[in-house]
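Chemist: Okay, handing you the structure first.
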Amino acid sequence: MSLTIITGEFATEAAFLRAWRALRAAGLNRFETSVPHAVSGLEDELPPTPIARFVLGGAACGGIGAYLLQAWAARDYPLNVSGRPLHSWPAFIPVTFELAVLLATLAGVAGLCWLCGLPRLDSPLRDIPGIERATQDRYFLGVRSDDPRFAAVEVRHRLREAGAEHITEAAP
Amino acid sequence: MNPSCDPLLAPGETLHSVTEKIGDIPLARAPRWWWAGLAAGFGGAMLLAVSVGWLFFRGIGIWGNNIPVAWGFAIVNFVWWIGIGHAGTFISAILLLLHQRWRTSINRFTEAMTLFAVACAGIFPLLHLGRPQYFYWLLPYPDTMGLWPQFRSPLVWDIFAVATYATVSLLFWYVGLLPDLATLRDRARTRGAALAYGLLALGWRGDARHWVHHERLYLLLAGLATPLVVSVHSIVGLDFAVALLPGWHSTVFPPYFVAGAIFSGFAMVLTLVIPLRRLYRLEAYITPRHLELMAKVLLATGWMVAYGYFCEFFSAWRSGDLYERFAAANRATGPYAWCFWLLLAANVLTPQLLWSRLCRASEWALFAIALVVNVGMWLERFVIVVTGLHRDFLPAAWGMFRPTFWDWSTFAGTGGLFLALLFLFLRFLPAISMSEMRTLVVQRESIP
Amino acid sequence: MDRRAFLQAMAASLALAGTGCRGRPPHGIISRVEGTAAVEVEWFATVMPSEGYGRGIVVRTNHGHPTKVEGNPDHPESLGATDVFAQAAILSLHDPVRSRTPRHAGNPATWEQFAEAWEIRRTRFRTNSTPILAILAEPTTSPTWLRQIHALLDDFPSARWYQHAPLGSHSHRGHLPEFDLAQAEVILTVESDLLYRHPAALRHGRALAGRRLSEPGKPLPPRFYAIEAVPSVTGAVADFRLPMAPARLSAILPAVDRCLRDPAAAPGLEPAADGFVRDLADAMRRARGRVVVSAGPACNDRIRDWSDRLNLHYGRDVVRWRRDVRSDRNPRCHGGLADLAAAITVGEIDTLVVCGLNPAYAAARDLRYGELHARIPFTVHLGEHWDETAMLSTWHLPEAHFLESWSDLRGAGGIASIQQPVRLPEAESRNAAELLHYLRSGTTAGSETLVRETWRAAGANDEDRWVSWLQRGIVDEPMHGDEFVTPPEDGTAELPPSVGKADGLSALFTPDPNVLDGRWSANAWLQELPKPLTQLAWGNAILLSPALASRLGVQNGDVLRCSTASGELDAPAWTMAGQADNTVALSLGYGRRSAGPLASGLGYDANLARSAESPWHTAVLALRKTGGHALPVCAQGHFQMDGRDLARVLEPAIASPALAPAHRTSLYPPRAGGNPAWGMSIDLSACLGCNACVLACQAENNIPVVGREQVARGREMHWLRIDRYVTGDPAQPRFVAQPVPCMHCENAPCEVVCPVGATVHSSEGLNDMVYNRCIGTRYCSNNCPYKVRRFNFLDYGGDARAAGGANPRVTIRERGVMEKCTYCVQRINAGRIAAEVAGRPLRDGDVRTACQQVCPASAIVFGNLADPASEVSRRAASPTSYALLDELNTRPRTTYRAALRHPPRP
């Protein structure tokens, strides 16, 4: 059996959330969604996002790397500058901080791309009619047929019950 | 009606209306005034190109810099532009962390302004080098001679701070822009536009789980940008404070520079937003309440700046140091005293009008005050750079700085570049964050 | 060609002077030392004319190209030092607009064409006693030239010799007083620039400085009094200076004499002068026998008689007189410029030969010399430049530069030197002696032959002797008339002096300190050099006292119209502290119409208001503002110290130990000092402020000239500048000159702010500037509290990338890089190499910086501070030694010793 996705289209955030919870209650897990803004209350339903770890890792690399670079550069080519000690640590703080922030940001953005699978040119919901409104004012929630608890009839039923205006089945 | 009770969003706005009103601006034909604005900006950018060409051909002697005033307009303009660039991140990041929802309708625009201001600012440290072709010697890279930058110099800190600030601001802005680019992709009327916006959107499709990552990263970036924005102008302040010159060597410089940066940034935001909300009919999103709140920030930061001025004079007097005291007196009574008094009038006296509710409610008054503050903040940097340098320790070595045509043309040229970039932004990208506006709409609907 | 373009051309010509190949030496020249360490460097002793007197110099050549002038230590008028003009001479040698070709009626011609034209006249002059042939020249000491003129006068019955000294005469009634300043206890100068513009100025400077260098246990330095209208270099270093209008000067020496005879007598002058005269008379009485009184060339005969008289009575032990070795009063001389003008007016003169002078510009305009000159049927002008007189002459002939031809000159003290060339002339040119020889004989003889002939009787045939004369730069043969004489006391001095009109405004004409009467106009170094005391560059101004300026409501730069009986001129005003009220000072040497692209049109021509009758001062009929404004270019920002402790002045009796710097703590761990630890000590007490060090530095270190517009913008490039401060009572201020090179701070503020490490410390304590690494942020200059860093805002170095006229051992700096004093690091390295070659350690004095070497006053000493026995350590340890801006804890290696000036007696 080929993979399909049954997708419900909702007009409101509340209806979308209702459907999500109903399907989760039914033990379903493999969703494809497309919504115009962050759905409030959804983060409680999901495992915590690991993106902070990327940022922290980046900050640590940037900060430690920058400090070591400066301390090493001062010794690699030792010069008497204004009679200051080679290891002028107070002067090394600004660059350490800036590079920590820079690498944290880069790591965070890289992490977002990684976690969201960006960039990609394709969408599993691309064939749903009206899917373009998912970035405007409509909420789409699809269930993949490879979900172990997938049952087309039940999925359709629960989507409709939650308030789906159209229900479409399409291949990803 | 009491403006402080004004809503942040006009009544009757829906998800659809938000998307349509904001999202159609980049997709529709450009209005005639846009062409006029772009032409003006482009003309200015061409003036910049000519000025820079002549500068590279002849050397920085085409400017008025000399010994003792080795830094002139280039550094004044650098600090002025980078200061303006601080409002964007301040509004986006710090106000986000403080849950100031009113930031939503102006953050995109101010972030863009930040980027363009930082681009204009970033030009000057490169142009002001005697040998700009070797600017990369400021960066640590494996040089064949085994040489490294001299990390004790505030100019190296500067390069790192400005480069980091520019990169982080750009990414922060772009991350916020991703969902809106996807909206434009999906609303595009031509294939070309769809393709372009599609590429820029990186395939964002608004998966509910992606939104969670996105929101969290946005918050984290705001958390990073907050100390960053403070650090950048602190480091710019250190360019001066690390030097031993009387009038520069002062611990108040970093905080006072940060306050001044936000002050000038908000002034510039007001200067730009007031005409634009009219021209693009965005009064529903940028409401009198926004203007009022920004006016209050302007007033508050104006006082911080005034405190900085006071501190400079107080610590000069309290130090008992002959040179410090002279530098302070020379500021107020020397050959550039007129700049000093003008800047006090512009930065300390003028904002006091904002105590008046009438002024805060009047677009015209706000616009005029913001313009005056912009000029005042430029003068402040001029006073710091030029009067700090022109009379230091040895009276025999004192001198005067007189700007040349090329000083002015380079400055005006960056103004043109800034305008050109701004108009291109307004034309091709949504000036207000649609995705965040949607959240506002949804939140309002959820409140009974 | 504008001035900027010309400066570039000049830089290019310096480069062309040494494009790789070795310069071919002129025939017969002898270098000073055989077998120096560096093969490409040679030294040649020669002599330089200064108002006709000779000053010994040595010229350094690199690969045969002359690159630097130093003083000749063997020559008593140099003692190893030079003035600014000797330093600048090397640039004049390379001047691209020096005249290279003869011109007939303004058109390029050849020497052969001149020979044809002359031959006809020559035969006529040999036989006929009319018409008259006149020769006009500056008085000189050159035996060869004098031999030639005498021969010409012998051969041509119609010839007349006229002399004109545009800068006046230092001798009086044929006698030049010789002062022993090293033994004097009281020195009085009356309008006399004894230490700057005097044939023995260098010797005087050395002697005075020797007395003033502070040493424990030494007798107090002499009390130095100066009376003058406009501050001069000499007046500025005096202990006591009385500004006095020229019209009142005649009264002052008789008043001194009165007070000397009767201590209770009232001098009868104005109150400030009375106190001064009483104090002076008191000091003279105490120091009887050891008093020097010098009256300058601008003083009238009466004042100079008085000066001789006071010297006779009070200066027995320290003043002697010589018959002046210069030809001013040569019996065969027919007269001066006025006599010549009279002869031209009556149509006597058929042919005039002008040697080296430019009277069409430099003569008082009421003489109308230019018109008269043009009236003469046949005029010949021999000169280095196509100048105003050349333009009016039938023939202009290019004169050989003194470094390109043979001659001989005598110093003020009588000593003779052979002038030998240091390079071949670029174009066919002759010097004055060669021309005279040709005019007389119709045959060409080289200047070498002529000089040898002059000295044959004295032993020039003895090759060893001749070589030793050339090597040492002096002729060790006593000359006739060298003995001292006693001038007869002149009776007229006994007459009561007439008191001049004190109330009228008078104009004082002063040779410009840098270009004199215009003879140095074409020299860019001298044009750009800030003039002593005013610090003006590239022009002149009407100087007036602050009191007069405020009375007239005049600001600096306001254009004034000054009218005298001779004419009127418009010029910008400049206030000068310490100038006598009721005087305006007009400096000569500017307002040139034909002085090349460099100097033409700079400043105003003071000769317009000058009369030949009274060339040095005249009454001003009217002085008013025209409403115009033209700010002169001034290199110094501010002349008061404003309560800052910068250039210290102390009383010699107090060598205060309180001056010893407080020990300053640092947050940073101390660094181990290297050995050698280079340092410099500058003695403000000795410093004369003569600017020689500034130009020596410029010549040694290839410092570019930037031009008037750039100096006006504040971009002059001098690595060493002299700050001049005015202190005390504005009516009778005291001046202090403070040379400021790089301080080479141990905690150098410039280093820490450089983002690329382009300025860092060497192990020997030098604050090194790495031009190649510099990207030009100029942060270092901002952070330099001494503001000694200089920046190449434009391509000042021009095309002189591989300069030959420039010092090949010093890099030419690129546009956009910072530069500054290096303590002459190339000399340090040369000294180190020489010591290593000789297999011995560096000794004190092996390395001398350019500024140190040239200083007439030995005010600058450089050396190893780690060696406690070195001169610099000794000076730095003296109680009057201090660091400039010590409170900043920059720990400068360059330190100063306070200026010692006697306090006024209470």
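Labels for the structure tokens follow display order: chains A, B, ..., residues from 1 in each chain, ligands from 1.
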What residues in chain B have any atom no more than 6 Å from chain C when counting only C-alpha atoms, and can you write them as a PDB file with C-alpha atoms, in the first residue's frame?
Modeler:
ATOM      1  CA  GLY B  59      43.998  58.972  -0.279  1.00  0.00           C
ATOM      2  CA  ILE B  60      42.256  60.125   2.837  1.00  0.00           C
ATOM      3  CA  GLY B  61      43.912  63.506   2.508  1.00  0.00           C
ATOM      4  CA  ASN B  66      44.953  66.154  10.202  1.00  0.00           C
ATOM      5  CA  ILE B  67      47.282  65.841  13.152  1.00  0.00           C
ATOM      6  CA  ALA B  70      43.414  62.251  13.025  1.00  0.00           C
ATOM      7  CA  LEU B 129      42.099  53.433   6.879  1.00  0.00           C
ATOM      8  CA  GLY B 130      45.143  54.944   5.275  1.00  0.00           C
ATOM      9  CA  ARG B 131      45.589  51.685   3.370  1.00  0.00           C
ATOM     10  CA  PRO B 149      46.191  41.188  15.137  1.00  0.00           C
ATOM     11  CA  GLN B 150      47.082  43.070  18.292  1.00  0.00           C
ATOM     12  CA  SER B 153      43.555  47.311  20.618  1.00  0.00           C
ATOM     13  CA  LEU B 155      39.862  48.579  17.109  1.00  0.00           C
ATOM     14  CA  VAL B 156      40.205  44.806  16.976  1.00  0.00           C
ATOM     15  CA  ALA B 243      42.694  56.218  24.958  1.00  0.00           C
ATOM     16  CA  PHE B 393      48.077  67.820  26.210  1.00  0.00           C
ATOM     17  CA  PRO B 395      49.147  73.389  23.441  1.00  0.00           C
ATOM     18  CA  ALA B 396      51.743  73.763  20.695  1.00  0.00           C
ATOM     19  CA  ALA B 397      50.281  70.745  18.925  1.00  0.00           C
ATOM     20  CA  TRP B 398      46.711  71.979  19.028  1.00  0.00           C
ATOM     21  CA  GLY B 399      44.850  72.306  15.770  1.00  0.00           C
TER      22      GLY B 399
END
Chemist: Could you find all residues in range 123-284 of chain C that DSSP calls strand (DSSP E or B) from the backbone, and write them as a ChimeraX atom specification?
Modeler: /C:132-137,159-163,172,175-179,186-190,223-228,240-243
Chemist: Please produce an output containing N, CA and C atoms for each residue in the selection, written as an mmCIF file, in the first residue's frame.
Modeler:
data_model
loop_
_atom_site.group_PDB
_atom_site.id
_atom_site.type_symbol
_atom_site.label_atom_id
_atom_site.label_comp_id
_atom_site.auth_asym_id
_atom_site.auth_seq_id
_atom_site.Cartn_x
_atom_site.Cartn_y
_atom_site.Cartn_z
ATOM 1 N N ILE C 132 81.788 102.477 -19.499
ATOM 2 C CA ILE C 132 82.086 101.842 -18.215
ATOM 3 C C ILE C 132 81.537 100.419 -18.162
ATOM 4 N N LEU C 133 82.359 99.516 -17.648
ATOM 5 C CA LEU C 133 81.917 98.163 -17.317
ATOM 6 C C LEU C 133 81.780 98.097 -15.794
ATOM 7 N N ALA C 134 80.583 97.741 -15.344
ATOM 8 C CA ALA C 134 80.373 97.629 -13.895
ATOM 9 C C ALA C 134 80.142 96.183 -13.523
ATOM 10 N N ILE C 135 80.769 95.813 -12.389
ATOM 11 C CA ILE C 135 80.536 94.476 -11.821
ATOM 12 C C ILE C 135 79.838 94.691 -10.497
ATOM 13 N N LEU C 136 78.694 94.023 -10.323
ATOM 14 C CA LEU C 136 77.978 94.135 -9.050
ATOM 15 C C LEU C 136 77.963 92.769 -8.381
ATOM 16 N N ALA C 137 78.450 92.746 -7.143
ATOM 17 C CA ALA C 137 78.485 91.458 -6.442
ATOM 18 C C ALA C 137 78.298 91.700 -4.955
ATOM 19 N N ALA C 159 86.670 99.450 -15.943
ATOM 20 C CA ALA C 159 85.845 98.591 -15.085
ATOM 21 C C ALA C 159 85.675 99.199 -13.703
ATOM 22 N N ARG C 160 84.491 99.008 -13.163
ATOM 23 C CA ARG C 160 84.219 99.436 -11.785
ATOM 24 C C ARG C 160 83.601 98.280 -11.030
ATOM 25 N N TRP C 161 83.954 98.202 -9.773
ATOM 26 C CA TRP C 161 83.447 97.123 -8.939
ATOM 27 C C TRP C 161 82.515 97.716 -7.891
ATOM 28 N N TYR C 162 81.243 97.310 -7.967
ATOM 29 C CA TYR C 162 80.269 97.749 -6.959
ATOM 30 C C TYR C 162 79.914 96.566 -6.079
ATOM 31 N N GLN C 163 79.715 96.860 -4.808
ATOM 32 C CA GLN C 163 79.308 95.785 -3.890
ATOM 33 C C GLN C 163 77.993 96.138 -3.227
ATOM 34 N N HIS C 172 81.831 96.860 11.608
ATOM 35 C CA HIS C 172 81.598 98.295 11.759
ATOM 36 C C HIS C 172 82.918 99.010 11.519
ATOM 37 N N HIS C 175 85.813 96.757 10.958
ATOM 38 C CA HIS C 175 86.264 95.843 11.993
ATOM 39 C C HIS C 175 85.127 94.955 12.447
ATOM 40 N N LEU C 176 85.459 93.707 12.639
ATOM 41 C CA LEU C 176 84.459 92.748 13.116
ATOM 42 C C LEU C 176 84.846 92.366 14.542
ATOM 43 N N PRO C 177 84.013 92.734 15.514
ATOM 44 C CA PRO C 177 84.377 92.338 16.884
ATOM 45 C C PRO C 177 84.260 90.834 17.050
ATOM 46 N N GLU C 178 85.202 90.292 17.793
ATOM 47 C CA GLU C 178 85.144 88.854 18.043
ATOM 48 C C GLU C 178 84.882 88.635 19.523
ATOM 49 N N PHE C 179 83.779 87.900 19.781
ATOM 50 C CA PHE C 179 83.327 87.750 21.168
ATOM 51 C C PHE C 179 83.706 86.382 21.701
ATOM 52 N N VAL C 186 78.469 89.053 31.148
ATOM 53 C CA VAL C 186 77.278 89.799 30.746
ATOM 54 C C VAL C 186 77.297 89.903 29.231
ATOM 55 N N ILE C 187 76.165 89.607 28.626
ATOM 56 C CA ILE C 187 76.049 89.732 27.177
ATOM 57 C C ILE C 187 74.891 90.669 26.902
ATOM 58 N N LEU C 188 75.124 91.660 26.054
ATOM 59 C CA LEU C 188 74.046 92.562 25.654
ATOM 60 C C LEU C 188 73.984 92.581 24.135
ATOM 61 N N THR C 189 72.823 92.287 23.597
ATOM 62 C CA THR C 189 72.674 92.398 22.150
ATOM 63 C C THR C 189 71.667 93.505 21.861
ATOM 64 N N VAL C 190 71.987 94.306 20.861
ATOM 65 C CA VAL C 190 71.106 95.381 20.442
ATOM 66 C C VAL C 190 70.751 95.124 18.985
ATOM 67 N N ARG C 223 74.831 86.571 32.406
ATOM 68 C CA ARG C 223 73.532 87.267 32.333
ATOM 69 C C ARG C 223 73.407 87.839 30.932
ATOM 70 N N PHE C 224 72.323 87.499 30.309
ATOM 71 C CA PHE C 224 72.160 87.775 28.878
ATOM 72 C C PHE C 224 71.015 88.761 28.711
ATOM 73 N N TYR C 225 71.348 89.942 28.164
ATOM 74 C CA TYR C 225 70.342 90.990 27.949
ATOM 75 C C TYR C 225 70.170 91.199 26.450
ATOM 76 N N ALA C 226 68.933 91.387 26.032
ATOM 77 C CA ALA C 226 68.696 91.667 24.615
ATOM 78 C C ALA C 226 67.747 92.843 24.492
ATOM 79 N N ILE C 227 68.072 93.734 23.590
ATOM 80 C CA ILE C 227 67.182 94.857 23.296
ATOM 81 C C ILE C 227 66.881 94.792 21.812
ATOM 82 N N GLU C 228 65.622 94.655 21.480
ATOM 83 C CA GLU C 228 65.278 94.543 20.073
ATOM 84 C C GLU C 228 63.787 94.817 19.919
ATOM 85 N N PHE C 240 66.977 88.435 29.852
ATOM 86 C CA PHE C 240 66.158 89.638 29.959
ATOM 87 C C PHE C 240 66.064 90.249 28.564
ATOM 88 N N ARG C 241 64.847 90.592 28.218
ATOM 89 C CA ARG C 241 64.670 91.101 26.866
ATOM 90 C C ARG C 241 63.810 92.339 26.939
ATOM 91 N N LEU C 242 64.303 93.390 26.327
ATOM 92 C CA LEU C 242 63.550 94.639 26.346
ATOM 93 C C LEU C 242 63.070 94.943 24.936
ATOM 94 N N PRO C 243 61.756 94.900 24.714
ATOM 95 C CA PRO C 243 61.266 95.286 23.395
ATOM 96 C C PRO C 243 61.382 96.798 23.254
#
Chemist: Taking only residues of chain A that have an atom at most 7 Å from an atom of chain B, what is each one's shortest atom pair and its distance in Å to one decimal, using only C-alpha atoms, in chain and number order, as CSV?
Modeler:
residue,atom,partner,partner_atom,distance
A:Glu32,CA,B:Asp207,CA,6.9
A:Thr33,CA,B:Asp207,CA,4.7
A:Ser34,CA,B:Asp207,CA,4.5
A:Val35,CA,B:Gly206,CA,5.1
A:Pro36,CA,B:Gly206,CA,6.3
A:His37,CA,B:Ser435,CA,5.5
A:Ala38,CA,B:Trp211,CA,5.2
A:Val39,CA,B:Ala208,CA,6.8
A:Glu43,CA,B:Val212,CA,6.3
A:Thr49,CA,B:His213,CA,6.0
A:Ile51,CA,B:Leu217,CA,6.5
A:Gln70,CA,B:Phe151,CA,6.7
A:Ala73,CA,B:Trp148,CA,6.2
A:Tyr77,CA,B:Leu147,CA,6.6
A:Ala91,CA,B:Arg152,CA,5.1
A:Phe92,CA,B:Phe151,CA,6.6
A:Pro94,CA,B:Trp157,CA,6.0
A:Val95,CA,B:Trp157,CA,5.6
A:Glu98,CA,B:Ala161,CA,5.8
A:Val101,CA,B:Leu224,CA,6.3
A:Leu102,CA,B:Thr164,CA,5.4
A:Thr105,CA,B:Val168,CA,6.3
A:Gly108,CA,B:Leu217,CA,6.6
A:Leu112,CA,B:His213,CA,6.6
A:Cys116,CA,B:His210,CA,5.6
A:Leu118,CA,B:Leu202,CA,5.9
A:Pro119,CA,B:Leu202,CA,4.4
A:Arg120,CA,B:Gly203,CA,4.8
A:Leu121,CA,B:Gly203,CA,5.1
A:Asp122,CA,B:Gly203,CA,6.7
A:Glu132,CA,B:Asp186,CA,5.2
A:Thr135,CA,B:Thr183,CA,4.9
A:Gln136,CA,B:Thr19,CA,6.1
A:Asp137,CA,B:Leu15,CA,5.4
Chemist: Next, the residues of the selection above should be written as a compact mmCIF listing (two decimals), in the first residue's frame with N, CA and C atoms.
Modeler:
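Contents of selection.txt, freshly written:
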# COMPACT_ATOMS: atom_id res chain seq x y z
N GLU A 32 1.62 15.31 9.66
CA GLU A 32 2.22 16.36 8.84
C GLU A 32 1.31 17.55 8.99
N THR A 33 1.90 18.69 9.46
CA THR A 33 1.05 19.85 9.72
C THR A 33 1.55 21.04 8.93
N SER A 34 0.68 22.00 8.79
CA SER A 34 1.08 23.26 8.16
C SER A 34 0.14 24.32 8.70
N VAL A 35 0.73 25.27 9.45
CA VAL A 35 -0.11 26.28 10.11
C VAL A 35 0.50 27.66 9.91
N PRO A 36 -0.31 28.73 9.94
CA PRO A 36 0.21 30.07 9.61
C PRO A 36 0.97 30.73 10.75
N HIS A 37 0.89 30.23 11.95
CA HIS A 37 1.66 30.84 13.04
C HIS A 37 1.85 29.80 14.12
N ALA A 38 2.66 30.11 15.07
CA ALA A 38 2.93 29.17 16.16
C ALA A 38 1.64 28.94 16.93
N VAL A 39 1.35 27.67 17.17
CA VAL A 39 0.09 27.34 17.84
C VAL A 39 0.35 27.37 19.35
N GLU A 43 3.36 23.41 22.48
CA GLU A 43 4.67 22.97 22.96
C GLU A 43 4.53 22.03 24.16
N THR A 49 12.22 21.06 22.86
CA THR A 49 13.09 21.27 21.69
C THR A 49 14.55 21.33 22.11
N ILE A 51 16.98 22.87 20.76
CA ILE A 51 17.73 23.93 20.08
C ILE A 51 18.65 24.69 21.02
N GLN A 70 43.53 34.16 21.27
CA GLN A 70 44.20 35.40 21.65
C GLN A 70 45.40 35.14 22.53
N ALA A 73 48.07 33.64 20.29
CA ALA A 73 48.65 34.59 19.33
C ALA A 73 49.66 35.50 20.03
N TYR A 77 53.88 35.09 18.57
CA TYR A 77 54.76 36.14 18.05
C TYR A 77 54.89 37.16 19.17
N ALA A 91 42.16 42.48 28.34
CA ALA A 91 41.97 42.97 26.97
C ALA A 91 41.40 41.89 26.06
N PHE A 92 41.43 40.66 26.52
CA PHE A 92 40.94 39.58 25.65
C PHE A 92 39.45 39.30 25.85
N PRO A 94 36.61 41.26 25.47
CA PRO A 94 35.61 41.65 24.47
C PRO A 94 35.52 40.68 23.29
N VAL A 95 36.66 40.29 22.74
CA VAL A 95 36.62 39.41 21.57
C VAL A 95 36.07 38.05 21.97
N GLU A 98 32.33 38.42 22.06
CA GLU A 98 31.72 38.60 20.74
C GLU A 98 31.71 37.28 19.97
N VAL A 101 29.02 34.89 21.21
CA VAL A 101 27.69 35.24 20.71
C VAL A 101 27.58 34.87 19.23
N LEU A 102 28.62 35.14 18.50
CA LEU A 102 28.56 34.87 17.05
C LEU A 102 28.38 33.38 16.79
N THR A 105 24.96 32.03 17.80
CA THR A 105 23.92 32.38 16.83
C THR A 105 24.01 31.47 15.60
N GLY A 108 22.82 28.08 16.50
CA GLY A 108 21.38 28.06 16.67
C GLY A 108 20.66 28.02 15.34
N LEU A 112 18.36 25.07 13.81
CA LEU A 112 16.99 25.22 13.32
C LEU A 112 16.86 24.53 11.96
N CYS A 116 14.48 21.36 11.34
CA CYS A 116 13.33 21.55 10.47
C CYS A 116 13.58 20.98 9.08
N LEU A 118 15.57 22.09 6.86
CA LEU A 118 15.72 23.15 5.86
C LEU A 118 17.14 23.13 5.34
N PRO A 119 17.41 23.55 4.16
CA PRO A 119 16.38 23.92 3.17
C PRO A 119 15.81 22.68 2.47
N ARG A 120 14.58 22.77 2.11
CA ARG A 120 13.98 21.73 1.28
C ARG A 120 13.00 22.39 0.32
N LEU A 121 12.85 21.75 -0.81
CA LEU A 121 12.04 22.38 -1.85
C LEU A 121 10.68 21.71 -1.96
N ASP A 122 10.45 20.73 -1.10
CA ASP A 122 9.29 19.88 -1.25
C ASP A 122 8.49 19.93 0.05
N GLU A 132 -1.89 26.47 0.06
CA GLU A 132 -1.18 27.75 0.11
C GLU A 132 -1.72 28.65 1.21
N THR A 135 0.00 29.17 4.94
CA THR A 135 0.91 30.24 5.37
C THR A 135 0.15 31.55 5.53
N GLN A 136 -1.18 31.50 5.46
CA GLN A 136 -1.94 32.74 5.59
C GLN A 136 -2.94 32.69 6.74
N ASP A 137 -3.97 31.83 6.57
CA ASP A 137 -4.99 31.87 7.61
C ASP A 137 -5.68 30.52 7.85
Chemist: Please identify every residue of chain A that has at least one atom no farther than 9 Å from an atom of chain C, counting only C-alpha atoms, and for each give the shortest atom pair and the distance in Å to one decimal, arranged by chain then increasing number, as JSON lines.
Modeler:
{"residue": "A:Leu79", "atom": "CA", "partner": "C:Val760", "partner_atom": "CA", "distance": 6.8}
{"residue": "A:Asn80", "atom": "CA", "partner": "C:His761", "partner_atom": "CA", "distance": 5.2}
{"residue": "A:Val81", "atom": "CA", "partner": "C:Val760", "partner_atom": "CA", "distance": 5.3}
{"residue": "A:Ser82", "atom": "CA", "partner": "C:Asn747", "partner_atom": "CA", "distance": 4.3}
{"residue": "A:Gly83", "atom": "CA", "partner": "C:Asn747", "partner_atom": "CA", "distance": 5.2}
{"residue": "A:Arg84", "atom": "CA", "partner": "C:Tyr668", "partner_atom": "CA", "distance": 6.3}
{"residue": "A:Pro85", "atom": "CA", "partner": "C:Tyr668", "partner_atom": "CA", "distance": 6.9}
Chemist: Quick one: of B:Phe135, B:Cys359, B:Arg277, B:Ala28, who's nearest to Ala193 in chain B, counting only C-alpha atoms?
Modeler: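 Closest to Ala193 in chain B of all the choices is B:Ala28.
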Chemist: Go ahead and compute the interatomic distance for CA of Arg325 in chain B and CA of Leu389 in chain B, in Å to one decimal.
Modeler: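 About the pair CA of Arg325 in chain B and CA of Leu389 in chain B: they are 14.5 Å apart.
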Chemist: Identify all residues of range 331-447 of chain C in helix (DSSP H, G or I) (DSSP on the backbone) and supply them as JSON, numbers by chain.
Modeler: {"C": [337, 338, 339, 340, 341, 342, 343, 344, 345, 359, 360, 361, 362, 365, 366, 367, 369, 370, 371, 372, 373, 374, 375, 388, 389, 390, 391, 392, 432, 433, 434, 435, 436, 437, 438, 439, 440, 441, 447]}
Chemist: Counting only C-alpha atoms, what is within 10 Å of Ala306 in chain B, bar same-chain residues fewer than 5 positions away, as number ranges by chain?
Modeler: B: 256, 259-260, 300-301, 311-312, 344, 347-349
Chemist: Tell me, as a ChimeraX atom specification, which residues lie within 7 Å of range 382-386 of chain B, counting only C-alpha atoms; anything in the same chain fewer than 4 positions away does not count.
Modeler: /B:69,71-72,76,339-340,378,390
Chemist: Which residues, written as number ranges by chain, have at least one atom at most 12 Å from Ala151 in chain A, with only C-alpha atoms counted and residues fewer than 3 positions away on the same chain left out?
Modeler: A: 4-6, 23, 26-28, 143-148, 154-158
Chemist: Can you list, as a ChimeraX atom specification, every protein, DNA or RNA residue that comes within 6 Å of range 54-57 of chain C when you count only C-alpha atoms, leaving out same-chain residues fewer than 4 positions away?
Modeler: /C:45-49,70-72,75,77-78,409-411
Chemist: Residues within 7 Å of range 106-122 of chain C, please, as an NGL selection string. Count only C-alpha atoms; anything in the same chain fewer than 4 positions from it doesn't count.
Modeler: :C and (101-102 or 126 or 391 or 439 or 442)
